[in-house]
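What follows is upload.txt (compact mmCIF, C-alpha atoms and all ligand atoms).
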# COMPACT_ATOMS: atom_id res chain seq x y z
CA MET A 17 5.92 9.04 58.54
CA LYS A 18 6.88 6.48 55.93
CA HIS A 19 4.17 4.93 53.84
CA PRO A 20 4.21 1.15 54.33
CA LEU A 21 4.28 0.59 50.53
CA ALA A 22 7.04 3.05 49.78
CA ALA A 23 10.03 0.80 50.42
CA PRO A 24 8.84 -2.22 48.39
CA LEU A 25 7.80 0.10 45.57
CA LEU A 26 11.24 1.69 45.42
CA VAL A 27 12.83 -1.76 45.38
CA ALA A 28 10.57 -2.78 42.54
CA LEU A 29 11.39 0.37 40.60
CA ALA A 30 15.11 -0.17 41.13
CA MET A 31 14.84 -3.79 40.00
CA SER A 32 12.92 -2.91 36.86
CA GLY A 33 15.44 -0.23 35.99
CA ALA A 34 12.72 2.39 36.01
CA SER A 35 13.29 5.86 37.39
CA VAL A 36 11.20 8.95 37.73
CA THR A 37 13.94 11.30 36.58
CA VAL A 38 15.18 9.50 33.45
CA HIS A 39 14.29 11.30 30.24
CA ALA A 40 14.96 8.41 27.90
CA GLU A 41 11.87 7.11 26.18
CA GLU A 42 9.88 4.22 27.49
CA LYS A 43 10.68 0.95 25.69
CA VAL A 44 7.43 0.81 23.79
CA LEU A 45 6.06 1.73 20.39
CA ASN A 46 2.38 2.36 19.76
CA LEU A 47 1.55 1.31 16.23
CA TYR A 48 -1.74 2.01 14.48
CA SER A 49 -1.94 -0.47 11.62
CA ALA A 50 -4.39 -0.79 8.77
CA ARG A 51 -2.22 -3.42 7.14
CA HIS A 52 -2.52 -6.89 8.59
CA TYR A 53 -0.90 -10.00 7.22
CA GLN A 54 0.14 -13.33 8.66
CA THR A 55 3.81 -12.37 8.62
CA ASP A 56 3.21 -9.29 10.79
CA GLU A 57 3.78 -11.18 14.06
CA GLN A 58 7.23 -12.21 12.90
CA LEU A 59 7.99 -8.79 11.44
CA TYR A 60 7.19 -6.98 14.69
CA GLY A 61 8.55 -9.77 16.90
CA GLU A 62 11.98 -9.37 15.27
CA PHE A 63 11.97 -5.65 16.10
CA THR A 64 11.27 -6.41 19.77
CA LYS A 65 13.96 -9.09 19.78
CA LYS A 66 16.55 -6.72 18.30
CA THR A 67 15.75 -3.63 20.34
CA GLY A 68 13.87 -4.75 23.45
CA ILE A 69 11.11 -2.35 22.43
CA ARG A 70 7.62 -3.75 22.84
CA ILE A 71 5.07 -2.97 20.12
CA ASN A 72 1.48 -2.16 21.10
CA ARG A 73 -0.47 -2.73 17.95
CA ILE A 74 -3.91 -1.23 17.37
CA GLU A 75 -5.42 -2.68 14.21
CA GLY A 76 -8.36 -1.29 12.35
CA LYS A 77 -9.70 -0.20 8.99
CA GLU A 78 -7.93 2.78 7.39
CA GLU A 79 -10.89 5.13 7.77
CA GLU A 80 -11.49 4.10 11.41
CA LEU A 81 -7.85 4.66 12.36
CA LEU A 82 -7.69 8.02 10.57
CA GLU A 83 -10.84 9.11 12.40
CA ARG A 84 -9.41 7.89 15.69
CA LEU A 85 -6.13 9.74 15.14
CA ARG A 86 -8.04 12.88 14.29
CA SER A 87 -10.24 12.76 17.35
CA GLU A 88 -7.38 11.85 19.69
CA GLY A 89 -5.45 14.86 18.45
CA ALA A 90 -2.54 15.90 20.67
CA ASN A 91 -3.51 13.23 23.22
CA SER A 92 -2.99 10.37 20.79
CA PRO A 93 -0.70 7.61 22.09
CA ALA A 94 0.08 6.57 18.51
CA ASP A 95 3.69 6.79 17.32
CA VAL A 96 3.44 5.34 13.81
CA PHE A 97 0.58 4.88 11.34
CA ILE A 98 1.01 2.14 8.77
CA THR A 99 -1.36 1.50 5.87
CA VAL A 100 -1.70 0.55 2.21
CA ASP A 101 -2.21 2.85 -0.78
CA ALA A 102 -0.60 6.19 -1.55
CA ALA A 103 -3.98 7.93 -1.63
CA ARG A 104 -4.71 6.89 1.96
CA LEU A 105 -1.24 7.83 3.17
CA SER A 106 -1.73 11.17 1.44
CA ALA A 107 -5.06 11.57 3.23
CA ALA A 108 -3.21 11.21 6.56
CA HIS A 109 -0.70 13.79 5.31
CA GLU A 110 -3.45 16.21 4.34
CA LEU A 111 -5.06 15.83 7.76
CA GLY A 112 -1.72 17.00 9.18
CA LEU A 113 -1.27 13.77 11.16
CA PHE A 114 2.35 13.03 10.21
CA ALA A 115 5.62 14.67 11.15
CA PRO A 116 8.57 14.54 8.74
CA VAL A 117 11.39 12.17 9.67
CA LYS A 118 15.03 12.99 9.07
CA SER A 119 16.94 9.75 8.68
CA ARG A 120 20.03 9.04 6.62
CA ILE A 121 19.19 5.36 6.71
CA LEU A 122 15.76 5.92 5.14
CA GLU A 123 17.16 8.41 2.63
CA SER A 124 19.87 6.04 1.49
CA ARG A 125 17.74 2.88 1.39
CA ILE A 126 14.35 4.01 0.07
CA PRO A 127 14.43 5.54 -3.45
CA ALA A 128 13.46 9.23 -3.54
CA HIS A 129 10.30 8.68 -5.61
CA LEU A 130 8.99 6.28 -2.92
CA ARG A 131 9.40 8.87 -0.15
CA ALA A 132 6.76 11.57 0.34
CA GLU A 133 7.13 14.71 2.43
CA ASP A 134 6.25 13.00 5.70
CA TRP A 135 5.65 9.32 4.98
CA ILE A 136 7.69 6.50 3.47
CA SER A 137 6.85 3.56 1.21
CA PHE A 138 8.08 0.15 2.34
CA SER A 139 6.72 -2.05 -0.45
CA THR A 140 5.32 -1.66 -3.94
CA ARG A 141 2.51 -3.27 -5.92
CA ALA A 142 1.70 -2.79 -9.60
CA ARG A 143 -1.70 -2.08 -11.18
CA VAL A 144 -1.78 -4.61 -13.99
CA ILE A 145 -4.11 -5.50 -16.86
CA VAL A 146 -5.54 -9.00 -16.79
CA TYR A 147 -7.02 -10.45 -19.98
CA ALA A 148 -8.79 -13.57 -21.19
CA LYS A 149 -6.20 -15.59 -23.11
CA ASP A 150 -8.77 -17.21 -25.40
CA THR A 151 -10.31 -13.98 -26.72
CA VAL A 152 -7.72 -11.22 -26.33
CA LYS A 153 -4.20 -10.86 -27.72
CA PRO A 154 -1.67 -9.37 -25.30
CA GLU A 155 -0.66 -6.68 -27.80
CA GLU A 156 -4.27 -5.41 -27.79
CA VAL A 157 -3.97 -4.47 -24.12
CA ALA A 158 -0.36 -3.37 -23.83
CA ASN A 159 -1.25 0.05 -22.40
CA TYR A 160 -3.74 1.61 -19.98
CA ALA A 161 -4.90 3.65 -23.01
CA ASP A 162 -6.22 0.44 -24.61
CA LEU A 163 -8.80 0.12 -21.82
CA ALA A 164 -10.46 3.25 -23.23
CA ASP A 165 -10.26 2.18 -26.88
CA PRO A 166 -13.64 1.45 -28.54
CA LYS A 167 -12.22 -1.93 -29.69
CA LEU A 168 -12.85 -3.12 -26.09
CA LYS A 169 -16.50 -1.97 -25.95
CA GLY A 170 -18.48 -4.04 -23.49
CA LYS A 171 -15.37 -5.96 -22.39
CA VAL A 172 -13.80 -4.13 -19.45
CA CYS A 173 -14.36 -4.92 -15.75
CA THR A 174 -13.00 -2.91 -12.82
CA ARG A 175 -13.81 -2.29 -9.19
CA SER A 176 -15.40 1.02 -8.18
CA GLY A 177 -13.88 4.26 -9.44
CA SER A 178 -13.99 5.67 -5.93
CA HIS A 179 -11.68 2.94 -4.63
CA PRO A 180 -8.24 4.31 -3.69
CA TYR A 181 -6.45 1.89 -6.09
CA ASN A 182 -8.29 3.31 -9.10
CA LEU A 183 -8.00 6.87 -7.80
CA SER A 184 -4.23 6.44 -7.51
CA LEU A 185 -4.01 5.02 -11.05
CA MET A 186 -6.09 7.96 -12.31
CA ALA A 187 -3.90 10.39 -10.34
CA SER A 188 -0.84 9.02 -12.17
CA ILE A 189 -2.56 9.48 -15.53
CA ILE A 190 -3.44 13.08 -14.64
CA ALA A 191 0.16 13.68 -13.53
CA HIS A 192 1.57 12.34 -16.80
CA GLN A 193 -0.99 13.47 -19.38
CA GLY A 194 -2.93 16.33 -17.86
CA GLU A 195 -6.57 16.55 -16.81
CA GLN A 196 -8.13 16.70 -20.27
CA GLN A 197 -6.52 13.56 -21.60
CA ALA A 198 -7.12 11.79 -18.32
CA GLU A 199 -10.81 12.66 -18.46
CA ALA A 200 -11.06 11.38 -22.03
CA TRP A 201 -9.44 8.15 -20.86
CA ALA A 202 -11.87 7.74 -17.95
CA ARG A 203 -14.82 8.39 -20.27
CA GLY A 204 -13.54 5.74 -22.67
CA VAL A 205 -13.11 3.18 -19.89
CA VAL A 206 -16.66 3.79 -18.65
CA ALA A 207 -17.97 3.42 -22.21
CA ASN A 208 -16.21 0.03 -22.40
CA PHE A 209 -17.62 -1.44 -19.19
CA ALA A 210 -18.94 -4.97 -19.44
CA ARG A 211 -20.94 -4.27 -16.27
CA ALA A 212 -21.24 -1.64 -13.57
CA PRO A 213 -18.20 -1.74 -11.23
CA LYS A 214 -18.64 -4.09 -8.29
CA GLY A 215 -16.50 -6.28 -6.01
CA GLY A 216 -12.76 -6.21 -5.42
CA ASP A 217 -9.85 -6.84 -7.79
CA THR A 218 -10.02 -10.62 -7.32
CA ASP A 219 -13.67 -10.54 -8.42
CA GLN A 220 -12.63 -8.81 -11.66
CA ILE A 221 -9.99 -11.47 -12.35
CA LYS A 222 -12.54 -14.22 -11.74
CA ALA A 223 -15.03 -12.45 -14.00
CA VAL A 224 -12.41 -12.50 -16.80
CA ALA A 225 -11.86 -16.22 -16.28
CA ALA A 226 -15.65 -16.78 -16.28
CA GLY A 227 -16.03 -14.92 -19.59
CA GLU A 228 -18.12 -12.08 -18.09
CA CYS A 229 -15.51 -9.64 -19.29
CA ALA A 230 -12.40 -9.93 -21.44
CA VAL A 231 -10.17 -7.43 -19.66
CA ALA A 232 -9.78 -6.19 -16.09
CA ILE A 233 -7.52 -4.07 -13.89
CA SER A 234 -6.02 -5.56 -10.73
CA ASN A 235 -3.26 -5.04 -8.22
CA SER A 236 -0.44 -7.49 -8.84
CA TYR A 237 -0.65 -9.18 -5.43
CA TYR A 238 -4.20 -10.40 -6.07
CA VAL A 239 -2.91 -12.14 -9.20
CA ALA A 240 0.08 -13.53 -7.27
CA ARG A 241 -2.22 -14.75 -4.49
CA LEU A 242 -4.30 -16.73 -7.00
CA MET A 243 -1.10 -18.07 -8.61
CA ARG A 244 0.06 -19.37 -5.21
CA SER A 245 -3.31 -20.83 -4.25
CA ASP A 246 -3.74 -24.60 -3.91
CA LYS A 247 -7.47 -24.45 -4.64
CA ALA A 248 -8.55 -26.14 -7.87
CA ASP A 249 -10.92 -23.26 -8.72
CA ASP A 250 -8.14 -20.71 -8.40
CA LYS A 251 -5.83 -22.80 -10.59
CA LYS A 252 -8.53 -22.83 -13.28
CA VAL A 253 -8.80 -19.06 -13.07
CA VAL A 254 -5.03 -18.63 -13.41
CA ASP A 255 -4.97 -20.93 -16.47
CA LYS A 256 -7.42 -18.70 -18.32
CA ILE A 257 -5.81 -15.34 -17.77
CA GLY A 258 -2.82 -13.45 -19.09
CA VAL A 259 -1.16 -10.62 -17.22
CA ILE A 260 0.23 -7.42 -18.77
CA TRP A 261 2.63 -4.84 -17.38
CA PRO A 262 1.02 -1.79 -18.99
CA ASP A 263 2.87 1.16 -20.54
CA GLN A 264 6.26 -0.52 -20.83
CA LYS A 265 7.18 1.70 -23.78
CA ALA A 266 5.96 4.84 -22.03
CA ASN A 267 6.23 5.80 -18.34
CA GLY A 268 6.09 2.26 -17.03
CA THR A 269 3.43 0.42 -15.04
CA HIS A 270 1.63 2.37 -12.31
CA ILE A 271 2.96 1.50 -8.88
CA ASN A 272 1.17 1.87 -5.61
CA VAL A 273 2.64 1.30 -2.17
CA SER A 274 2.30 0.25 1.45
CA GLY A 275 3.86 2.76 3.77
CA ALA A 276 4.07 4.41 7.13
CA GLY A 277 4.82 7.69 8.82
CA MET A 278 5.65 9.02 12.25
CA LEU A 279 2.74 10.84 13.85
CA LYS A 280 3.01 14.49 14.80
CA HIS A 281 2.00 13.84 18.41
CA ALA A 282 4.01 10.62 18.77
CA PRO A 283 5.00 10.25 22.45
CA HIS A 284 8.01 8.10 21.46
CA LYS A 285 9.58 9.90 18.52
CA GLU A 286 13.08 8.36 18.75
CA THR A 287 11.55 4.91 18.89
CA ALA A 288 9.28 5.73 15.95
CA VAL A 289 12.27 6.64 13.79
CA LYS A 290 14.08 3.49 14.92
CA PHE A 291 11.04 1.44 13.91
CA LEU A 292 10.76 3.06 10.47
CA GLU A 293 14.48 2.43 9.93
CA TYR A 294 13.96 -1.17 10.99
CA LEU A 295 11.23 -1.53 8.32
CA ALA A 296 13.85 -0.56 5.72
CA SER A 297 16.29 -3.26 6.88
CA ASP A 298 16.91 -6.30 4.67
CA ASP A 299 15.04 -8.82 6.82
CA ALA A 300 12.07 -6.57 7.54
CA GLN A 301 11.82 -5.65 3.87
CA ARG A 302 11.58 -9.30 2.93
CA PHE A 303 8.85 -9.99 5.50
CA PHE A 304 6.99 -6.82 4.70
CA ALA A 305 6.90 -7.42 0.96
CA ASP A 306 6.45 -11.16 0.94
CA GLY A 307 3.59 -11.10 3.45
CA ASN A 308 1.40 -9.69 0.70
CA ASN A 309 3.24 -10.77 -2.47
CA GLU A 310 4.66 -7.29 -2.98
CA TRP A 311 8.11 -5.99 -3.92
CA PRO A 312 10.47 -4.51 -1.35
CA ALA A 313 10.90 -0.74 -1.60
CA VAL A 314 14.65 -1.15 -1.06
CA PRO A 315 15.95 -2.07 -4.53
CA SER A 316 18.84 -4.25 -3.34
CA VAL A 317 16.53 -6.56 -1.36
CA LYS A 318 15.40 -9.58 -3.34
CA VAL A 319 12.45 -11.80 -2.45
CA ALA A 320 12.13 -15.42 -3.44
CA ASN A 321 8.43 -15.25 -4.29
CA PRO A 322 7.57 -17.89 -6.91
CA ALA A 323 4.55 -16.02 -8.28
CA LEU A 324 6.41 -12.71 -8.64
CA GLN A 325 9.32 -14.54 -10.25
CA LYS A 326 6.94 -16.09 -12.74
CA LEU A 327 5.38 -12.71 -13.54
CA GLY A 328 8.90 -11.52 -14.34
CA PRO A 329 10.60 -8.14 -14.35
CA PHE A 330 8.98 -4.94 -15.61
CA LYS A 331 9.51 -1.22 -15.90
CA ALA A 332 7.76 0.59 -13.06
CA ASP A 333 6.58 4.18 -13.19
CA THR A 334 8.85 6.37 -11.06
CA LEU A 335 6.35 9.16 -10.53
CA PRO A 336 6.89 10.47 -6.97
CA VAL A 337 4.34 8.86 -4.63
CA GLY A 338 3.44 12.27 -3.22
CA SER A 339 1.92 13.25 -6.58
CA LEU A 340 -0.56 10.42 -6.34
CA GLY A 341 -2.03 12.17 -3.31
CA MET A 342 -1.80 15.58 -4.93
CA TYR A 343 -4.08 14.54 -7.80
CA ARG A 344 -6.40 12.31 -5.78
CA ALA A 345 -9.17 14.92 -5.40
CA LYS A 346 -9.01 15.75 -9.11
CA ALA A 347 -9.17 12.07 -9.98
CA GLN A 348 -12.34 11.70 -7.90
CA MET A 349 -13.90 14.77 -9.52
CA ILE A 350 -13.26 13.46 -13.02
CA PHE A 351 -14.56 9.99 -12.15
CA ASP A 352 -17.73 11.61 -10.76
CA ARG A 353 -18.10 13.66 -13.91
CA VAL A 354 -17.80 10.69 -16.27
CA GLY A 355 -19.91 8.39 -14.11
CA TYR A 356 -17.08 6.04 -13.05
CA ARG A 357 -18.71 4.98 -9.77
FE FE B 401 -5.82 -4.70 -1.64
Would you encode the structure as structure tokens?
Amino acid sequence: MKHPLAAPLLVALAMSGASVTVHAEEKVLNLYSARHYQTDEQLYGEFTKKTGIRINRIEGKEEELLERLRSEGANSPADVFITVDAARLSAAHELGLFAPVKSRILESRIPAHLRAEDWISFSTRARVIVYAKDTVKPEEVANYADLADPKLKGKVCTRSGSHPYNLSLMASIIAHQGEQQAEAWARGVVANFARAPKGGDTDQIKAVAAGECAVAISNSYYVARLMRSDKADDKKVVDKIGVIWPDQKANGTHINVSGAGMLKHAPHKETAVKFLEYLASDDAQRFFADGNNEWPAVPSVKVANPALQKLGPFKADTLPVGSLGMYRAKAQMIFDRVGYR
């Protein structure tokens, strides 16, 4: 006996193009994102327009999403995890959440040092030194090493040492100079603190402008954000500060990244690769970088960002991003030892 619903259901399936026997992947991508900017809607909307693939976006804090991925395990619906900071991406790698992606597009477009074993960088940000123009000369703070020099005693402000941005900077110093020198540097920075670490990078910049400290460390996009702000208070802050690309005569300024990887249990693996390749396309690169005043990972893509243009070109450290994760635990241990909290 025929079920009364069977015929209409089959018609509906036929009309939607769906079939029970087709092996092709469903036209959907499940994205776990710990990176949220205003331009995201456009960025993801373009992907859907180009491919017909709908994006289900789950947004959350990095730690929440990592925990969720871990507890979902093999049952996770997530295809791609996208987040900021090499240390966090490395944490996902260490948890075994990612699967490596083989893609000639990604290999040809994203420079080798911005690709880790199983995740890819899509934009870069620099960790810069910000100084008070009225009390500090730029040549006094040309290098990260200067932050540890006794000449800056009582003058340095930074956010917490356990924050991933500082851990990644420290990881790069360990990678370049070894643990001993890195520890001496960290000790010197702590000895130069104007106050115990608190707040985010923007708070450090504002503290420099307010005269609470003379020198601070910040990610470049926080500086750019203030430079592009219309608020009178922010303009005053920008007037008082100078910005340095550290280590130009050595390895270059420490670079951190935003990035993404395909998840090991991704139900839509082909789609995940397609999405990662889309993120490396010219248009997506522009959106991705400009949404947070960052630089595209693809070198040929140029952004017309007035603040970044004003900050000018610089030599960036080309240390492979995977090493930042490799030395993250050591960086934390040293910071604990020297009391960089
Ligand atoms: Fe940030």
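Distance check against ligand FE 401 (chain B) using all atoms listed in the file: of A:Arg120, A:Arg86, A:Arg241, A:Lys214, the minimum falls on A:Arg241.
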What do you get as a count of residues only if you pick all residues at most 9 Å from ligand FE 401 (chain B), counting all atoms listed in the file? 8
Nearby residues, (6.5, -11.7, -14.0) file frame, 10 Å, all atoms listed in the file, as a ChimeraX atom specification: /A:236,240,259-261,322-330
Taking (-6.1, -16.0, -12.7) in the coordinates of the supplied file, I want to know which residues reach to within 8 Å of it, counting all atoms listed in the file; could you give the answer as a ChimeraX atom specification? /A:221-222,225,239,242-243,250-258
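Contact shell of A:Leu105 at 9 Å (only C-alpha atoms; same-chain neighbours under 2 positions omitted): Phe97, Ile98, Thr99, Val100, Asp101, Ala102, Ala103, Ala107, Ala108, His109, Glu110, Trp135, Ser274, Gly275, Ala276, Gly277 and Gly341 of chain A.
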Using the file's own x, y and z axes, what box holds all listed atoms of stretch 158-169 of chain A with 8 Å on each side, keeping edges along x, y and z, and what are its centre and edge lengths in Å to one decimal, as lines of an AutoDock Vina configuration file?
center_x = -8.4
center_y = 0.1
center_z = -24.8
size_x = 32.1
size_y = 23.0
size_z = 25.7
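Using all atoms listed in the file, the nearest neighbour of A:Gly355 within the list A:Asn91, A:Asn182, A:Ser176, A:Ser234 is A:Ser176.
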What's around A:Glu293 at 12 Å? Count all atoms listed in the file, leave out sequence neighbours fewer than 4 positions away in its own chain, and write the answer as a list in words. Phe63, Val117, Lys118, Ser119, Arg120, Ile121, Leu122, Glu123, Ser124, Arg125, Ile126, Ile136, Ser137, Phe138, Ala276, Gly277, Met278, Glu286, Thr287, Ala288, Val289, Ser297, Asp298, Asp299, Ala300, Gln301 and Val314 of chain A
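Taking atom CA of A:Tyr53 as the reference point, atom CA of A:Asn321 is found at 15.7 Å.
The coordinates place atom CA of A:Lys167 at 24.4 Å from atom CA of A:Ala187.
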Distance query A:Trp311 at most 6 Å, all atoms listed in the file, self and fewer than 3 positions along chain excluded, as number ranges by chain: A: 139-140, 305
Keeping only C-alpha atoms, write the selected residues as an mmCIF file, in the frame of the given file.
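The file below, result.cif, is the result:
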data_model
loop_
_atom_site.group_PDB
_atom_site.id
_atom_site.type_symbol
_atom_site.label_atom_id
_atom_site.label_comp_id
_atom_site.auth_asym_id
_atom_site.auth_seq_id
_atom_site.Cartn_x
_atom_site.Cartn_y
_atom_site.Cartn_z
ATOM 1 C CA SER A 139 6.720 -2.050 -0.450
ATOM 2 C CA THR A 140 5.320 -1.660 -3.940
ATOM 3 C CA ALA A 305 6.900 -7.420 0.960
#
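Closest approach to A:Arg353 among A:Ala332, A:Ala202, A:Ala320, A:Leu279: A:Ala202, based on only C-alpha atoms.
Here atom CA of A:Ser106 is placed at a distance of 11.5 Å from atom CA of A:Arg131.
For A:His192, the set of protein, DNA and RNA residues having any atom at most 12 Å away, when counting only C-alpha atoms and skipping those fewer than 2 positions along the same chain, is A:Leu185, A:Met186, A:Ala187, A:Ser188, A:Ile189, A:Ile190, A:Gly194, A:Glu195, A:Gln196, A:Gln197, A:Ala198, A:Asp263, A:Ala266, A:Asn267, A:Gly268, A:His270, A:Asp333, A:Thr334, A:Leu335, A:Pro336, A:Ser339, A:Leu340, A:Tyr343.
The nearest approach to A:Phe209 among the residues A:Thr174, A:Gln193, A:Ser92, A:Asn272, with only C-alpha atoms taken into account, belongs to A:Thr174.
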Tell me which of A:Phe114, A:Tyr147, A:Tyr60, A:Tyr356 sits closest to A:Leu295, counting only C-alpha atoms. A:Tyr60
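When all atoms listed in the file are used to measure the gap to A:Pro127, the shortest distance among A:Gly338, A:Gly177, A:Pro315, A:Gly307 belongs to A:Pro315.
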Would you mind completing stretch 285-293 of chain A so that it carries all heavy atoms, and writing it out as a compact mmCIF listing (two decimals), keeping the file's coordinate frame?
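What ended up in selection_25.txt:
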# COMPACT_ATOMS: atom_id res chain seq x y z
N LYS A 285 9.10 9.53 19.87
CA LYS A 285 9.58 9.90 18.52
C LYS A 285 10.86 9.16 18.12
O LYS A 285 10.99 8.69 16.99
CB LYS A 285 9.76 11.41 18.41
CG LYS A 285 8.42 12.15 18.38
CD LYS A 285 8.52 13.49 17.68
CE LYS A 285 7.16 14.06 17.29
NZ LYS A 285 6.31 14.46 18.43
N GLU A 286 11.82 9.06 19.07
CA GLU A 286 13.08 8.36 18.75
C GLU A 286 12.80 6.92 18.37
O GLU A 286 13.36 6.37 17.42
CB GLU A 286 14.00 8.32 19.97
CG GLU A 286 14.80 9.57 20.19
CD GLU A 286 15.51 9.54 21.54
OE1 GLU A 286 16.06 8.47 21.89
OE2 GLU A 286 15.49 10.57 22.23
N THR A 287 11.91 6.30 19.14
CA THR A 287 11.55 4.91 18.89
C THR A 287 10.84 4.78 17.54
O THR A 287 11.05 3.82 16.80
CB THR A 287 10.63 4.39 20.02
OG1 THR A 287 11.29 4.64 21.24
CG2 THR A 287 10.34 2.93 19.87
N ALA A 288 10.01 5.76 17.23
CA ALA A 288 9.28 5.73 15.95
C ALA A 288 10.26 5.73 14.78
O ALA A 288 10.11 4.95 13.83
CB ALA A 288 8.33 6.92 15.86
N VAL A 289 11.28 6.57 14.86
CA VAL A 289 12.27 6.64 13.79
C VAL A 289 13.02 5.30 13.70
O VAL A 289 13.24 4.75 12.62
CB VAL A 289 13.27 7.81 14.02
CG1 VAL A 289 14.39 7.78 12.98
CG2 VAL A 289 12.54 9.14 13.98
N LYS A 290 13.37 4.77 14.88
CA LYS A 290 14.08 3.49 14.92
C LYS A 290 13.23 2.39 14.24
O LYS A 290 13.74 1.56 13.51
CB LYS A 290 14.32 3.12 16.40
CG LYS A 290 15.58 2.31 16.64
CD LYS A 290 15.75 1.99 18.11
CE LYS A 290 16.52 3.06 18.85
NZ LYS A 290 16.72 2.71 20.28
N PHE A 291 11.94 2.43 14.49
CA PHE A 291 11.04 1.44 13.91
C PHE A 291 10.95 1.60 12.39
O PHE A 291 11.02 0.62 11.65
CB PHE A 291 9.65 1.55 14.55
CG PHE A 291 8.64 0.61 13.96
CD1 PHE A 291 8.72 -0.75 14.19
CD2 PHE A 291 7.61 1.08 13.16
CE1 PHE A 291 7.79 -1.63 13.65
CE2 PHE A 291 6.68 0.21 12.59
CZ PHE A 291 6.78 -1.14 12.84
N LEU A 292 10.83 2.83 11.92
CA LEU A 292 10.76 3.06 10.47
C LEU A 292 12.06 2.61 9.81
O LEU A 292 12.05 2.02 8.73
CB LEU A 292 10.48 4.54 10.18
CG LEU A 292 9.11 5.05 10.63
CD1 LEU A 292 9.01 6.57 10.44
CD2 LEU A 292 7.97 4.35 9.88
N GLU A 293 13.19 2.86 10.48
CA GLU A 293 14.48 2.43 9.93
C GLU A 293 14.57 0.90 9.93
O GLU A 293 15.10 0.31 8.98
CB GLU A 293 15.63 3.03 10.75
CG GLU A 293 15.75 4.53 10.53
CD GLU A 293 16.81 5.21 11.38
OE1 GLU A 293 17.27 4.63 12.35
OE2 GLU A 293 17.16 6.33 11.10
